[in-house]
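Participant: Sharing a structure, written as structure tokens. Questions coming.
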Amino acid sequence: MITLNHYLIVAAVLFVIGMIGVMRRKNLLMLFFSTEILLNSVNIGFVALSHYLNDLSGQIFAFFIIAIAASEVAVGLGLLILLYKRKNTVDLDVIQNMHG
Amino acid sequence: MFEAIAFYVFSALTIVMFYVTVTTNNALYALSALAAGMIFISGFFFLLDADFLGVIQLIVYSGAVMAMYAFGMMFFDSTKVVKEKTHSARNVFILTALSAIIIVAILTAPVIADNAQALFQPFADKGNVENLGYVLFTKYLIPFELAAVMLLVAMIAGIVLASKKMDIPLEKDAQ
């Protein structure tokens with residue numbers, strides 16, 4: 001029998017995978033991918049809660065998260081292309097030009 | 001029984017795919033693994049009776065977002081491996097401790113929030129899509145319209161940022 005906790009544990013594991021990606025990758029494209037993983041793991045949590053509480057709010061929130069993820073990709077990729085044209089690389093360390 | 005088998009298969013596949021995405025050095029492998037993981041996540045949604053979100057996940061993530069990344073990667077030399085600086089031991093220690101704290105917080109949060117209450121119970125005689133429509137267009141109408149405006153702004157931003165003289169390097173562009 002699959003309970004709510006099973007789904008929440010999977011969502012937590014996926015969230016930690018995405019967070020490890022955000023923290024240790026230096027390739028900006030990989031950072032975007034990791035952000036998608038984070039958003040998706042939260043979606044799983046929301047939909048599971050919505051199913052087990054018999055409540056539709058979770059699905060609505062997941063719906064809005066998908067809309068936000070889509071617009072994040074549009075703007076983020078535009079900025080990434082501009083950065084690549086300017087610096088000729090997608091390495092995160094290259095943007096860091098203030099050595100404090 | 002069927003639900004349990006499907007759940008374990010989908011969770012194993014999703015975790016493996018996202019692990020590959022996070023650890024691989026090749027951007028194309030990461031893109032393919034991410035797309036596969038998104039498709040398996042839609043399997044979770046179908047298991048949880050959220051048919052509409054499952055279809056949206058397939059169309060928006062595996063369709064639109066992945067296609068957008070694929071097109072975006074055509075502007076980079078995506079087969080080139082980006083040399084990533086390795087972290088110092090102190091950084092690794094701090095990041096590990098931070099992740100441990102966060103995973104404990106995530107896992108204990110459902111226990112603390114055990115008294116969550118249902119706000120909008122679905123009608124039993126209607127399907128998932130119809131119920132979602134009722135809630136979305138009554139209780140969440142203004143957020144829905146705001147999301148539409150946000151998507152429009154994002155589309156304009158994407159066009160302005162990316163499509164301006166794509167083939168010319170920026171230095172020549174400025175002259």
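To be explicit about the labels: the chains of the structure tokens are called A, B, and onward in the order shown, and within each one the residues are counted from 1, while ligands get numbers from 1 in the order they are shown.
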Which residues of chain A come within 8 Å of chain B, and what is each one's closest atom pair and distance in Å (one decimal), counting only C-alpha atoms, sorted by chain and residue number, as CSV?
Facilitator:
```
residue,atom,partner,partner_atom,distance
A:Met1,CA,B:Ala4,CA,6.3
A:Ile2,CA,B:Ala4,CA,5.9
A:Leu8,CA,B:Leu107,CA,7.7
A:Ile9,CA,B:Leu107,CA,6.9
A:Val10,CA,B:Ser11,CA,6.6
A:Ala12,CA,B:Ile106,CA,6.4
A:Val13,CA,B:Ile15,CA,7.7
A:Leu14,CA,B:Ile15,CA,6.4
A:Val16,CA,B:Ile103,CA,6.8
A:Ile17,CA,B:Tyr19,CA,6.5
A:Gly18,CA,B:Val22,CA,7.1
A:Met19,CA,B:Ser99,CA,7.7
A:Ile20,CA,B:Ser99,CA,7.6
A:Gly21,CA,B:Val22,CA,5.1
A:Met23,CA,B:Leu95,CA,7.3
A:Arg25,CA,B:Glu84,CA,7.3
A:Lys26,CA,B:Glu84,CA,5.7
A:Asn27,CA,B:Val82,CA,6.5
A:Leu29,CA,B:Ala27,CA,7.7
A:Met30,CA,B:Val22,CA,7.1
A:Phe33,CA,B:Leu34,CA,7.2
A:Ser34,CA,B:Val22,CA,6.7
A:Ile37,CA,B:Phe18,CA,7.2
A:Asn40,CA,B:Ile41,CA,7.7
A:Ile44,CA,B:Phe44,CA,7.3
A:Val47,CA,B:Phe45,CA,7.0
A:Ala48,CA,B:Leu48,CA,6.4
A:His51,CA,B:Leu48,CA,6.0
A:Leu53,CA,B:Ala118,CA,6.0
A:Asn54,CA,B:Gln121,CA,5.9
A:Asp55,CA,B:Gln121,CA,4.8
A:Leu56,CA,B:Phe120,CA,5.7
A:Ser57,CA,B:Phe120,CA,6.6
A:Gln59,CA,B:Leu53,CA,7.3
A:Ile60,CA,B:Leu136,CA,6.9
A:Ala62,CA,B:Leu53,CA,7.9
A:Phe63,CA,B:Leu53,CA,6.9
A:Phe64,CA,B:Ala147,CA,7.2
A:Ile66,CA,B:Val60,CA,7.7
A:Ala67,CA,B:Ala147,CA,6.8
A:Ile68,CA,B:Ala147,CA,7.7
A:Ala70,CA,B:Val65,CA,6.5
A:Ser71,CA,B:Ala154,CA,5.1
A:Glu72,CA,B:Ala154,CA,7.5
A:Val73,CA,B:Val65,CA,7.0
A:Ala74,CA,B:Gly158,CA,5.2
A:Val75,CA,B:Gly158,CA,5.1
A:Leu77,CA,B:Gly72,CA,6.5
A:Gly78,CA,B:Ala162,CA,4.7
A:Leu79,CA,B:Leu161,CA,6.4
A:Ile81,CA,B:Ala162,CA,6.4
A:Leu82,CA,B:Ala162,CA,6.9
A:Tyr84,CA,B:Phe76,CA,7.1
A:Lys85,CA,B:Pro169,CA,6.0
A:Arg86,CA,B:Leu170,CA,6.1
A:Val90,CA,B:Val82,CA,7.6
A:Asp91,CA,B:Val82,CA,6.6
```
Participant: Which residue is closest to Val42 of chain A? Choose from A:Ile95, A:Arg24, A:Phe61, A:Thr89 and count only C-alpha atoms.
Facilitator: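 Comparing A:Ile95, A:Arg24, A:Phe61, A:Thr89 against Val42 of chain A, the winner is A:Phe61.
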Participant: Residues of chain A classed as helix (DSSP H, G or I) by DSSP on the backbone are to be reported as a PyMOL selection string.
Facilitator: chain A and resi 4-24+28-52+57-87+92-95
Participant: Taking only C-alpha atoms into account, which of A:Thr35, A:Ser50, A:Asn5, A:Asn97 comes nearest Ala109 of chain B?
Facilitator: A:Asn5
Participant: Please compute the atom CA of Phe10 of chain B-atom CA of Glu130 of chain B distance, one decimal, in Å.
Facilitator: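 Separation between atom CA of Phe10 of chain B and atom CA of Glu130 of chain B: 26.7 Å.
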Participant: Report the distance between atom CA of Val149 of chain B and atom CA of Leu39 of chain A in Å, rounded to one decimal place.
Facilitator: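 One can read the atom CA of Val149 of chain B to atom CA of Leu39 of chain A distance as 20.6 Å.
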